[in-house]
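Pasted below: target09.cif, mmCIF, N, CA and C atoms and all ligand atoms.
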data_run
#
loop_
_atom_site.label_atom_id
_atom_site.label_comp_id
_atom_site.auth_asym_id
_atom_site.auth_seq_id
_atom_site.Cartn_x
_atom_site.Cartn_y
_atom_site.Cartn_z
N MET A 600 -54.50 7.76 90.53
CA MET A 600 -55.00 8.59 89.44
C MET A 600 -54.11 8.47 88.20
N LYS A 601 -54.82 8.15 87.10
CA LYS A 601 -54.04 7.97 85.88
C LYS A 601 -53.94 9.28 85.11
N LYS A 602 -52.76 9.51 84.68
CA LYS A 602 -52.57 10.73 83.88
C LYS A 602 -52.76 10.40 82.40
N LYS A 603 -53.49 11.26 81.74
CA LYS A 603 -53.66 11.04 80.30
C LYS A 603 -52.58 11.81 79.53
N PHE A 604 -51.95 11.05 78.74
CA PHE A 604 -50.92 11.71 77.94
C PHE A 604 -51.43 11.99 76.54
N LYS A 605 -51.33 13.18 76.21
CA LYS A 605 -51.70 13.52 74.82
C LYS A 605 -50.45 13.43 73.96
N ILE A 606 -50.61 12.66 72.94
CA ILE A 606 -49.47 12.59 72.03
C ILE A 606 -49.49 13.85 71.16
N PRO A 607 -48.45 14.60 71.32
CA PRO A 607 -48.45 15.85 70.52
C PRO A 607 -48.29 15.57 69.03
N THR A 608 -49.14 16.18 68.31
CA THR A 608 -49.01 16.03 66.85
C THR A 608 -48.14 17.17 66.33
N ILE A 609 -47.16 16.78 65.65
CA ILE A 609 -46.23 17.78 65.12
C ILE A 609 -46.69 18.20 63.73
N LYS A 610 -46.93 19.47 63.66
CA LYS A 610 -47.32 19.99 62.34
C LYS A 610 -46.06 20.36 61.58
N VAL A 611 -45.98 19.76 60.45
CA VAL A 611 -44.82 20.11 59.61
C VAL A 611 -45.19 21.30 58.73
N PRO A 612 -44.53 22.40 58.99
CA PRO A 612 -44.87 23.57 58.17
C PRO A 612 -44.40 23.41 56.73
N LYS A 613 -45.22 23.89 55.86
CA LYS A 613 -44.83 23.82 54.44
C LYS A 613 -43.77 24.88 54.19
N ILE A 614 -42.64 24.40 53.87
CA ILE A 614 -41.55 25.34 53.60
C ILE A 614 -41.51 25.65 52.12
N GLU A 615 -41.64 26.93 51.85
CA GLU A 615 -41.55 27.34 50.46
C GLU A 615 -40.08 27.38 50.07
N THR A 616 -39.75 26.54 49.18
CA THR A 616 -38.35 26.52 48.78
C THR A 616 -38.05 27.71 47.87
N SER A 617 -36.94 28.30 48.16
CA SER A 617 -36.56 29.45 47.35
C SER A 617 -36.15 29.01 45.94
N GLU A 618 -35.89 27.72 45.82
CA GLU A 618 -35.49 27.19 44.51
C GLU A 618 -36.54 27.49 43.45
N ASN A 619 -37.80 27.23 43.83
CA ASN A 619 -38.88 27.43 42.88
C ASN A 619 -38.98 28.87 42.42
N LYS A 620 -38.65 29.77 43.34
CA LYS A 620 -38.79 31.18 43.00
C LYS A 620 -37.65 31.67 42.12
N THR A 621 -36.47 31.17 42.39
CA THR A 621 -35.33 31.72 41.66
C THR A 621 -35.13 31.06 40.31
N LEU A 622 -35.75 29.93 40.11
CA LEU A 622 -35.51 29.19 38.88
C LEU A 622 -35.81 29.99 37.60
N PRO A 623 -36.98 30.61 37.51
CA PRO A 623 -37.25 31.35 36.28
C PRO A 623 -36.21 32.43 35.99
N VAL A 624 -35.74 33.10 37.05
CA VAL A 624 -34.74 34.14 36.87
C VAL A 624 -33.46 33.54 36.31
N GLU A 625 -33.10 32.38 36.87
CA GLU A 625 -31.90 31.70 36.39
C GLU A 625 -32.02 31.37 34.91
N GLU A 626 -33.21 30.89 34.54
CA GLU A 626 -33.44 30.53 33.15
C GLU A 626 -33.26 31.74 32.24
N LYS A 627 -33.81 32.86 32.69
CA LYS A 627 -33.72 34.08 31.89
C LYS A 627 -32.26 34.51 31.76
N ARG A 628 -31.53 34.37 32.85
CA ARG A 628 -30.13 34.77 32.83
C ARG A 628 -29.36 33.96 31.77
N LYS A 629 -29.69 32.68 31.70
CA LYS A 629 -29.03 31.83 30.70
C LYS A 629 -29.36 32.29 29.30
N GLU A 630 -30.62 32.65 29.09
CA GLU A 630 -31.03 33.12 27.78
C GLU A 630 -30.32 34.42 27.43
N ASN A 631 -30.19 35.30 28.41
CA ASN A 631 -29.49 36.56 28.19
C ASN A 631 -28.06 36.33 27.78
N GLN A 632 -27.43 35.37 28.46
CA GLN A 632 -26.04 35.09 28.16
C GLN A 632 -25.87 34.61 26.72
N LYS A 633 -26.86 33.86 26.27
CA LYS A 633 -26.81 33.35 24.90
C LYS A 633 -26.82 34.50 23.90
N SER A 634 -27.64 35.52 24.21
CA SER A 634 -27.79 36.60 23.24
C SER A 634 -26.60 37.55 23.26
N TYR A 635 -25.75 37.46 24.27
CA TYR A 635 -24.54 38.27 24.29
C TYR A 635 -23.47 37.55 23.46
N ASP A 636 -23.65 37.62 22.17
CA ASP A 636 -22.79 36.87 21.28
C ASP A 636 -21.56 37.68 20.86
N ASN A 637 -20.85 37.12 19.93
CA ASN A 637 -19.61 37.76 19.48
C ASN A 637 -19.84 39.14 18.88
N HIS A 638 -20.91 39.23 18.10
CA HIS A 638 -21.22 40.50 17.46
C HIS A 638 -21.41 41.59 18.53
N TRP A 639 -22.15 41.21 19.56
CA TRP A 639 -22.40 42.14 20.65
C TRP A 639 -21.10 42.52 21.35
N ARG A 640 -20.23 41.54 21.53
CA ARG A 640 -18.97 41.80 22.22
C ARG A 640 -18.16 42.87 21.49
N LYS A 641 -18.09 42.74 20.17
CA LYS A 641 -17.36 43.72 19.37
C LYS A 641 -18.02 45.08 19.47
N PHE A 642 -19.34 45.05 19.36
CA PHE A 642 -20.11 46.29 19.40
C PHE A 642 -19.93 47.00 20.74
N SER A 643 -20.01 46.24 21.81
CA SER A 643 -19.91 46.85 23.14
C SER A 643 -18.48 47.34 23.41
N ASN A 644 -17.51 46.64 22.87
CA ASN A 644 -16.13 47.10 23.03
C ASN A 644 -15.94 48.46 22.37
N ALA A 645 -16.49 48.60 21.16
CA ALA A 645 -16.40 49.87 20.45
C ALA A 645 -17.12 50.97 21.22
N PHE A 646 -18.26 50.61 21.78
CA PHE A 646 -19.05 51.59 22.53
C PHE A 646 -18.29 52.05 23.78
N ARG A 647 -17.62 51.12 24.42
CA ARG A 647 -16.87 51.46 25.63
C ARG A 647 -15.67 52.35 25.34
N LYS A 648 -15.16 52.25 24.11
CA LYS A 648 -14.05 53.13 23.75
C LYS A 648 -14.52 54.57 23.62
N LYS A 649 -15.79 54.72 23.27
CA LYS A 649 -16.35 56.06 23.11
C LYS A 649 -16.80 56.63 24.46
N HIS A 650 -17.23 55.74 25.33
CA HIS A 650 -17.74 56.17 26.63
C HIS A 650 -16.85 55.56 27.71
N LEU A 651 -15.96 56.39 28.24
CA LEU A 651 -14.87 55.84 29.06
C LEU A 651 -15.23 55.69 30.53
N PHE A 652 -16.30 56.36 30.97
CA PHE A 652 -16.60 56.33 32.40
C PHE A 652 -18.02 55.84 32.66
N CYS A 653 -18.22 55.30 33.86
CA CYS A 653 -19.55 54.87 34.27
C CYS A 653 -20.48 56.08 34.32
N LYS A 654 -21.58 55.97 33.59
CA LYS A 654 -22.50 57.10 33.47
C LYS A 654 -23.12 57.45 34.81
N GLN A 655 -23.46 56.44 35.57
CA GLN A 655 -24.13 56.65 36.85
C GLN A 655 -23.17 57.31 37.86
N CYS A 656 -21.95 56.80 37.93
CA CYS A 656 -20.95 57.37 38.84
C CYS A 656 -20.65 58.81 38.46
N LEU A 657 -20.63 59.05 37.16
CA LEU A 657 -20.32 60.38 36.64
C LEU A 657 -21.30 61.42 37.18
N LYS A 658 -22.55 61.00 37.36
CA LYS A 658 -23.58 61.90 37.89
C LYS A 658 -23.21 62.37 39.29
N GLU A 659 -22.48 61.51 39.99
CA GLU A 659 -22.07 61.86 41.35
C GLU A 659 -20.65 62.42 41.38
N GLY A 660 -20.13 62.70 40.19
CA GLY A 660 -18.82 63.29 40.10
C GLY A 660 -17.68 62.30 40.29
N VAL A 661 -17.99 61.02 40.14
CA VAL A 661 -16.96 59.99 40.29
C VAL A 661 -16.62 59.43 38.90
N TYR A 662 -15.34 59.37 38.62
CA TYR A 662 -14.90 58.85 37.33
C TYR A 662 -14.49 57.39 37.47
N THR A 663 -15.43 56.50 37.22
CA THR A 663 -15.11 55.07 37.30
C THR A 663 -14.82 54.57 35.90
N TYR A 664 -13.62 54.05 35.70
CA TYR A 664 -13.24 53.63 34.35
C TYR A 664 -12.86 52.15 34.28
N SER A 665 -12.95 51.46 35.41
CA SER A 665 -12.60 50.04 35.37
C SER A 665 -13.84 49.18 35.52
N ASP A 666 -13.76 48.00 34.97
CA ASP A 666 -14.85 47.02 35.08
C ASP A 666 -16.17 47.57 34.56
N LEU A 667 -16.12 48.10 33.34
CA LEU A 667 -17.32 48.73 32.78
C LEU A 667 -18.14 47.74 31.97
N HIS A 668 -19.44 47.92 32.06
CA HIS A 668 -20.36 47.08 31.30
C HIS A 668 -21.19 47.99 30.41
N VAL A 669 -21.59 47.49 29.26
CA VAL A 669 -22.53 48.23 28.44
C VAL A 669 -23.92 47.76 28.81
N ASP A 670 -24.73 48.71 29.24
CA ASP A 670 -26.07 48.37 29.73
C ASP A 670 -27.14 48.86 28.76
N HIS A 671 -28.20 48.10 28.65
CA HIS A 671 -29.35 48.55 27.87
C HIS A 671 -30.29 49.31 28.80
N ILE A 672 -30.52 50.58 28.48
CA ILE A 672 -31.35 51.43 29.34
C ILE A 672 -32.75 50.82 29.45
N ILE A 673 -33.35 50.53 28.29
CA ILE A 673 -34.57 49.70 28.30
C ILE A 673 -34.08 48.27 28.16
N PRO A 674 -34.35 47.43 29.15
CA PRO A 674 -33.77 46.08 29.14
C PRO A 674 -34.07 45.30 27.86
N LEU A 675 -33.10 44.51 27.48
CA LEU A 675 -33.22 43.69 26.27
C LEU A 675 -34.47 42.83 26.25
N VAL A 676 -34.84 42.35 27.43
CA VAL A 676 -36.01 41.47 27.52
C VAL A 676 -37.24 42.20 26.99
N GLN A 677 -37.29 43.53 27.28
CA GLN A 677 -38.45 44.30 26.85
C GLN A 677 -38.34 44.76 25.40
N ARG A 678 -37.14 45.19 25.02
CA ARG A 678 -36.96 45.69 23.66
C ARG A 678 -35.71 45.09 23.02
N PRO A 679 -35.79 43.83 22.61
CA PRO A 679 -34.62 43.22 21.97
C PRO A 679 -34.21 43.92 20.69
N ASP A 680 -35.15 44.66 20.09
CA ASP A 680 -34.85 45.36 18.84
C ASP A 680 -33.92 46.55 19.05
N LEU A 681 -33.80 46.99 20.33
CA LEU A 681 -32.94 48.15 20.61
C LEU A 681 -31.54 47.73 21.03
N LYS A 682 -31.20 46.48 20.76
CA LYS A 682 -29.93 45.94 21.23
C LYS A 682 -28.73 46.77 20.74
N TYR A 683 -28.78 47.18 19.48
CA TYR A 683 -27.64 47.89 18.90
C TYR A 683 -27.93 49.37 18.68
N VAL A 684 -28.93 49.89 19.37
CA VAL A 684 -29.27 51.30 19.23
C VAL A 684 -28.54 52.08 20.33
N GLU A 685 -27.63 52.94 19.89
CA GLU A 685 -26.75 53.59 20.86
C GLU A 685 -27.49 54.47 21.86
N SER A 686 -28.63 55.01 21.44
CA SER A 686 -29.37 55.87 22.37
C SER A 686 -29.99 55.05 23.51
N ASN A 687 -30.03 53.75 23.33
CA ASN A 687 -30.54 52.89 24.40
C ASN A 687 -29.40 52.26 25.20
N LEU A 688 -28.18 52.73 24.95
CA LEU A 688 -27.04 52.13 25.63
C LEU A 688 -26.37 53.12 26.57
N GLN A 689 -25.82 52.58 27.64
CA GLN A 689 -25.02 53.40 28.54
C GLN A 689 -23.95 52.51 29.17
N VAL A 690 -22.86 53.15 29.53
CA VAL A 690 -21.78 52.41 30.14
C VAL A 690 -21.91 52.52 31.66
N LEU A 691 -21.93 51.39 32.31
CA LEU A 691 -22.04 51.36 33.77
C LEU A 691 -20.92 50.50 34.35
N CYS A 692 -20.47 50.87 35.53
CA CYS A 692 -19.49 50.01 36.19
C CYS A 692 -20.24 48.80 36.77
N ARG A 693 -19.48 47.81 37.20
CA ARG A 693 -20.08 46.58 37.68
C ARG A 693 -21.09 46.85 38.81
N SER A 694 -20.71 47.76 39.71
CA SER A 694 -21.55 48.05 40.86
C SER A 694 -22.88 48.68 40.44
N CYS A 695 -22.79 49.72 39.57
CA CYS A 695 -24.01 50.41 39.14
C CYS A 695 -24.87 49.49 38.28
N HIS A 696 -24.22 48.70 37.44
CA HIS A 696 -24.95 47.77 36.58
C HIS A 696 -25.72 46.76 37.43
N GLY A 697 -25.04 46.27 38.46
CA GLY A 697 -25.67 45.31 39.36
C GLY A 697 -26.89 45.89 40.03
N LYS A 698 -26.76 47.14 40.49
CA LYS A 698 -27.89 47.79 41.17
C LYS A 698 -29.07 47.95 40.22
N LYS A 699 -28.77 48.35 38.98
CA LYS A 699 -29.84 48.58 38.01
C LYS A 699 -30.55 47.25 37.69
N THR A 700 -29.77 46.23 37.44
CA THR A 700 -30.34 44.92 37.13
C THR A 700 -31.19 44.42 38.28
N TYR A 701 -30.69 44.65 39.50
CA TYR A 701 -31.42 44.22 40.69
C TYR A 701 -32.77 44.91 40.77
N LYS A 702 -32.76 46.23 40.52
CA LYS A 702 -34.02 46.99 40.55
C LYS A 702 -34.98 46.50 39.50
N GLU A 703 -34.44 46.23 38.31
CA GLU A 703 -35.29 45.75 37.21
C GLU A 703 -35.93 44.42 37.56
N THR A 704 -35.14 43.54 38.14
CA THR A 704 -35.64 42.22 38.51
C THR A 704 -36.74 42.36 39.56
N LEU A 705 -36.49 43.22 40.55
CA LEU A 705 -37.48 43.44 41.60
C LEU A 705 -38.77 43.99 41.02
N GLY A 706 -38.63 44.98 40.16
CA GLY A 706 -39.80 45.62 39.56
C GLY A 706 -40.62 44.63 38.77
N LYS A 707 -39.92 43.76 38.07
CA LYS A 707 -40.60 42.76 37.24
C LYS A 707 -41.40 41.79 38.09
N GLU A 708 -40.76 41.35 39.19
CA GLU A 708 -41.43 40.37 40.05
C GLU A 708 -42.66 40.98 40.71
N LYS A 709 -42.55 42.26 41.07
CA LYS A 709 -43.69 42.93 41.69
C LYS A 709 -44.82 43.11 40.69
N GLY A 710 -44.43 43.44 39.47
CA GLY A 710 -45.42 43.73 38.44
C GLY A 710 -46.21 42.49 38.01
N GLN A 711 -45.59 41.35 38.11
CA GLN A 711 -46.26 40.14 37.61
C GLN A 711 -47.07 39.43 38.68
ZN ZN A 801 -20.78 53.25 38.52
#
Translate this file's structure into C-alpha cells.
Amino acid sequence: MKKKFKIPTIKVPKIETSENKTLPVEEKRKENQKSYDNHWRKFSNAFRKKHLFCKQCLKEGVYTYSDLHVDHIIPLVQRPDLKYVESNLQVLCRSCHGKKTYKETLGKEKGQ
C-alpha cells in the first residue's frame, strides 16, 4: 500500500511592519523639533522662571522642579498660532509631559 504524501503548503502570513505605522509620527516629530527654534528656547526659559514647578505634579501636591518642559496645552500641531500665548502654556516635568504627548498621539491616531 502506497502512502500519499501531501506536500504541506506553508502560508506566509503578511506581517504588518510597525515601521509603516510609526513613520508618520517620526516625521512629525522632526517637524516639531524644527519649530522649537532659538526664539522659542528663550521664551520657554523665561516662562520656566515664572513657573517653577510641574503643573500636573502640583495638582497631586508634589513639587517637581527638575527636568521641566514648557508644554502647549492645545498642541502646536493644532494651533501653531498659540505658540507664544502664555495662557496656552504650562510647565510639565519630563514624566508628565511624556504622558500628555502619549495621550495626544493616541487620540490622534484613533481619531483619524
Ligand atoms: Zn510632573
Atomic distance atom N of Lys682 of chain A - atom N of Asp670 of chain A, expressed in Å with one decimal: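 Going from atom N of Lys682 of chain A over to atom N of Asp670 of chain A covers 10.9 Å.
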Could you report the residues within 6 Å of ligand ZN 801 (chain A), using only N, CA and C atoms and all ligand atoms, as an mmCIF file with N, CA and C atoms, in the frame of the given file?
data_model
loop_
_atom_site.group_PDB
_atom_site.id
_atom_site.type_symbol
_atom_site.label_atom_id
_atom_site.label_comp_id
_atom_site.auth_asym_id
_atom_site.auth_seq_id
_atom_site.Cartn_x
_atom_site.Cartn_y
_atom_site.Cartn_z
ATOM 1 N N CYS A 653 -18.220 55.300 33.860
ATOM 2 C CA CYS A 653 -19.550 54.870 34.270
ATOM 3 C C CYS A 653 -20.480 56.080 34.320
ATOM 4 N N LYS A 654 -21.580 55.970 33.590
ATOM 5 C CA LYS A 654 -22.500 57.100 33.470
ATOM 6 C C LYS A 654 -23.120 57.450 34.810
ATOM 7 N N GLN A 655 -23.460 56.440 35.570
ATOM 8 C CA GLN A 655 -24.130 56.650 36.850
ATOM 9 C C GLN A 655 -23.170 57.310 37.860
ATOM 10 N N CYS A 656 -21.950 56.800 37.930
ATOM 11 C CA CYS A 656 -20.950 57.370 38.840
ATOM 12 C C CYS A 656 -20.650 58.810 38.460
ATOM 13 N N LEU A 657 -20.630 59.050 37.160
ATOM 14 C CA LEU A 657 -20.320 60.380 36.640
ATOM 15 C C LEU A 657 -21.300 61.420 37.180
ATOM 16 N N LEU A 691 -21.930 51.390 32.310
ATOM 17 C CA LEU A 691 -22.040 51.360 33.770
ATOM 18 C C LEU A 691 -20.920 50.500 34.350
ATOM 19 N N CYS A 692 -20.470 50.870 35.530
ATOM 20 C CA CYS A 692 -19.490 50.010 36.190
ATOM 21 C C CYS A 692 -20.240 48.800 36.770
ATOM 22 N N ARG A 693 -19.480 47.810 37.200
ATOM 23 C CA ARG A 693 -20.080 46.580 37.680
ATOM 24 C C ARG A 693 -21.090 46.850 38.810
ATOM 25 N N SER A 694 -20.710 47.760 39.710
ATOM 26 C CA SER A 694 -21.550 48.050 40.860
ATOM 27 C C SER A 694 -22.880 48.680 40.440
ATOM 28 N N CYS A 695 -22.790 49.720 39.570
ATOM 29 C CA CYS A 695 -24.010 50.410 39.140
ATOM 30 C C CYS A 695 -24.870 49.490 38.280
ATOM 31 N N HIS A 696 -24.220 48.700 37.440
ATOM 32 C CA HIS A 696 -24.950 47.770 36.580
ATOM 33 C C HIS A 696 -25.720 46.760 37.430
#
Members of segment 638-707 of chain A assigned strand (DSSP E or B) by DSSP, as a ChimeraX atom specification: /A:667-671,688-692
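From atom C of Asp666 of chain A back to atom CA of Lys649 of chain A, the distance works out to 14.3 Å.
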Å distance separating atom N of His671 of chain A from atom CA of Leu688 of chain A, one decimal place: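 A separation of 5.2 Å between them.
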Exercise: residues within 6 Å of coordinate (-26.0, 43.4, 18.8), counting only N, CA and C atoms, as a PyMOL selection string: chain A and resi 638-639+682-683
Using only N, CA and C atoms: which of A:Leu675, A:Ile609, A:Leu705, A:Leu667 has the shortest distance to Arg647 of chain A: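 For Arg647 of chain A, the nearest of the given residues is A:Leu667.
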Among the residues A:Thr608, A:Asn687, A:Asn637, A:Asn644, the one that comes closest to Ile673 of chain A [using only C-alpha atoms]: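 Going through A:Thr608, A:Asn687, A:Asn637, A:Asn644 one by one, the smallest distance to Ile673 of chain A is for A:Asn687.
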Distance criterion (only C-alpha atoms): nearest to Val669 of chain A out of A:Lys648, A:Ser643, A:Lys699, A:Glu685: A:Ser643
For Tyr664 of chain A, the nearest of the candidates A:Ile606, A:Asp636, A:Val690, A:Pro679, counting only C-alpha atoms: A:Val690
Hey, could you pull the box centre and edge lengths for segment 653-670 of chain A, axis-aligned, 3 Å padding per side, all listed atoms, to one decimal in Å, as JSON?
{"center_x": -19.9, "center_y": 55.2, "center_z": 34.9, "size_x": 20.5, "size_y": 22.3, "size_z": 18.9}
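Restricting the calculation to only N, CA and C atoms, the smallest distance between Ser686 of chain A and any of A:Pro607, A:Lys698, A:Gly660, A:Ile672 is found for A:Ile672.
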